[in-house]
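Structure record follows, encoded as structure tokens.
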Amino acid sequence: MLDANGPFGFQVCGEAANGKEAVEKFKELRPDLVILDITMPLMNGLEAARTIHSISPHTPVLILSVHKSKQLIEEARRVGCAGM
């Protein structure tokens with residue numbers, strides 16, 4: 001999770017070990033940008049992105065993945081991700 005206050009434009013303001021924690025940290029920190037791994041324990045990145053987008057539709061969420069799949073890209077867009 002990033003805030004737009006760092007010396008290079010952004011600074012890390014929070015980290016999470018799983019998708020569920022990412023959502024809780026998001027609620028607490030309200031970052032300017034969220035970067036999620038698609039493969040996260042407890043709640044995957046797409047589920048976390050969907051939840052974050054429902055809380056704050058204007059916060060950009062980016063998904064990282066080693067998987068090259070049009071289906072995953074389409075699903076990421078469907079849940080409100082700004083990019084993958």
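In the structure tokens, the first chain shown is A, the next is B, and so on; residue numbers restart at 1 for each chain, and ligands run from 1 in the order shown.
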
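Omitting A:Ala76 and its sequence neighbours fewer than 5 positions away, and counting only C-alpha atoms, the residues within 12 Å are Leu36, Asp37, Ile38, Asn44, Gly45, Leu46, Glu47, Ala48, Ala49, Arg50, His53, Pro60, Val61, Leu62, Ile63, Leu64, Ser65, Ser69, Lys70, Gln71, Cys81, Ala82, Gly83 and Met84 of chain A.
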
Requested in this report: Identify, with DSSP run on backbone atoms, the residues in stretch 10-68 of chain A assigned to alpha helix (DSSP H), and express the list as a ChimeraX atom specification.
Outcome: /A:19-29,45-55

Query raised in the report: At what distance in Å, to one decimal, does atom CA of A:Ala17 lie from atom CA of A:Met43?
Result: 10.4 Å

Query - strand (DSSP E) per DSSP on the backbone: members of chain A, as an MDAnalysis selection string - result: chainID A and resid 2:3 11:12 34:37 61:64

Let's have the selection written as a compact mmCIF listing (two decimals), in the first residue's frame, with all heavy atoms.
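Full text of out_32.txt as output:
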# COMPACT_ATOMS: atom_id res chain seq x y z
N LEU A 2 0.52 2.20 -0.82
CA LEU A 2 1.37 3.37 -1.01
C LEU A 2 0.61 4.66 -0.78
O LEU A 2 -0.56 4.77 -1.11
CB LEU A 2 1.93 3.38 -2.43
CG LEU A 2 2.72 2.15 -2.87
CD1 LEU A 2 3.02 2.22 -4.35
CD2 LEU A 2 4.01 2.04 -2.09
N ASP A 3 1.32 5.65 -0.23
CA ASP A 3 0.82 7.01 -0.11
C ASP A 3 1.63 7.89 -1.04
O ASP A 3 2.82 7.64 -1.26
CB ASP A 3 0.99 7.54 1.33
CG ASP A 3 -0.20 7.23 2.20
OD1 ASP A 3 -1.32 7.13 1.67
OD2 ASP A 3 0.00 7.11 3.42
N GLN A 11 5.40 6.43 -1.10
CA GLN A 11 6.11 5.72 -0.04
C GLN A 11 5.22 4.59 0.46
O GLN A 11 4.00 4.69 0.44
CB GLN A 11 6.49 6.64 1.11
CG GLN A 11 5.33 7.09 1.97
CD GLN A 11 5.78 7.96 3.14
OE1 GLN A 11 6.88 8.49 3.12
NE2 GLN A 11 4.95 8.09 4.14
N VAL A 12 5.85 3.51 0.88
CA VAL A 12 5.11 2.36 1.42
C VAL A 12 4.52 2.78 2.77
O VAL A 12 5.24 3.25 3.64
CB VAL A 12 6.01 1.12 1.58
CG1 VAL A 12 5.25 -0.01 2.24
CG2 VAL A 12 6.56 0.69 0.23
N VAL A 34 -3.05 0.75 -4.05
CA VAL A 34 -2.89 -0.59 -3.47
C VAL A 34 -2.31 -1.52 -4.54
O VAL A 34 -2.80 -1.54 -5.67
CB VAL A 34 -4.24 -1.15 -2.97
CG1 VAL A 34 -4.07 -2.55 -2.43
CG2 VAL A 34 -4.85 -0.24 -1.93
N ILE A 35 -1.27 -2.27 -4.18
CA ILE A 35 -0.68 -3.27 -5.06
C ILE A 35 -0.84 -4.62 -4.38
O ILE A 35 -0.40 -4.80 -3.24
CB ILE A 35 0.81 -2.98 -5.34
CG1 ILE A 35 0.96 -1.59 -5.97
CG2 ILE A 35 1.39 -4.06 -6.24
CD1 ILE A 35 2.40 -1.13 -6.11
N LEU A 36 -1.49 -5.55 -5.07
CA LEU A 36 -1.76 -6.88 -4.50
C LEU A 36 -1.19 -7.98 -5.39
O LEU A 36 -1.19 -7.84 -6.61
CB LEU A 36 -3.27 -7.11 -4.40
CG LEU A 36 -4.09 -6.15 -3.54
CD1 LEU A 36 -5.57 -6.36 -3.78
CD2 LEU A 36 -3.75 -6.36 -2.08
N ASP A 37 -0.74 -9.04 -4.78
CA ASP A 37 -0.38 -10.25 -5.51
C ASP A 37 -1.69 -11.02 -5.75
O ASP A 37 -2.55 -11.06 -4.88
CB ASP A 37 0.58 -11.10 -4.69
CG ASP A 37 1.18 -12.25 -5.47
OD1 ASP A 37 0.51 -12.76 -6.40
OD2 ASP A 37 2.30 -12.66 -5.15
N VAL A 61 -6.19 0.06 -7.68
CA VAL A 61 -5.65 -1.21 -7.21
C VAL A 61 -4.95 -1.87 -8.39
O VAL A 61 -5.53 -2.01 -9.47
CB VAL A 61 -6.77 -2.15 -6.68
CG1 VAL A 61 -6.18 -3.49 -6.26
CG2 VAL A 61 -7.51 -1.50 -5.52
N LEU A 62 -3.69 -2.25 -8.19
CA LEU A 62 -2.93 -2.97 -9.20
C LEU A 62 -2.73 -4.40 -8.72
O LEU A 62 -2.48 -4.63 -7.54
CB LEU A 62 -1.56 -2.32 -9.42
CG LEU A 62 -1.56 -0.87 -9.89
CD1 LEU A 62 -0.13 -0.35 -9.97
CD2 LEU A 62 -2.26 -0.73 -11.22
N ILE A 63 -2.82 -5.35 -9.63
CA ILE A 63 -2.61 -6.76 -9.32
C ILE A 63 -1.30 -7.21 -9.98
O ILE A 63 -1.08 -6.95 -11.16
CB ILE A 63 -3.76 -7.63 -9.87
CG1 ILE A 63 -5.08 -7.30 -9.16
CG2 ILE A 63 -3.44 -9.10 -9.76
CD1 ILE A 63 -5.24 -7.91 -7.80
N LEU A 64 -0.46 -7.88 -9.22
CA LEU A 64 0.76 -8.49 -9.75
C LEU A 64 0.54 -9.99 -9.88
O LEU A 64 -0.10 -10.61 -9.05
CB LEU A 64 1.94 -8.25 -8.81
CG LEU A 64 2.32 -6.80 -8.57
CD1 LEU A 64 3.47 -6.72 -7.56
CD2 LEU A 64 2.70 -6.11 -9.85

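Atom CA of A:His58 is positioned 17.2 Å from atom CA of A:Phe10.
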
Query - Residue nearest A:Gly19 - candidates A:Ile52, A:Met40, A:Leu33, A:Val79, atoms counted: only C-alpha atoms - result: A:Met40

Report task. Would you please work out which residue, of A:Ser56, A:Arg78, A:Thr39, A:Gly9, is nearest to A:Phe26 when using only C-alpha atoms? Result -> A:Ser56

Query raised in the report: In Å to one decimal, how far is atom CA of A:Gly80 from atom CA of A:Leu29?
Result: 19.6 Å

Requested in this report: Measuring atom to atom with only C-alpha atoms, identify which of A:Ile73, A:Leu42, A:Lys25, A:Asp32 is nearest to A:Pro57.
Outcome: A:Asp32
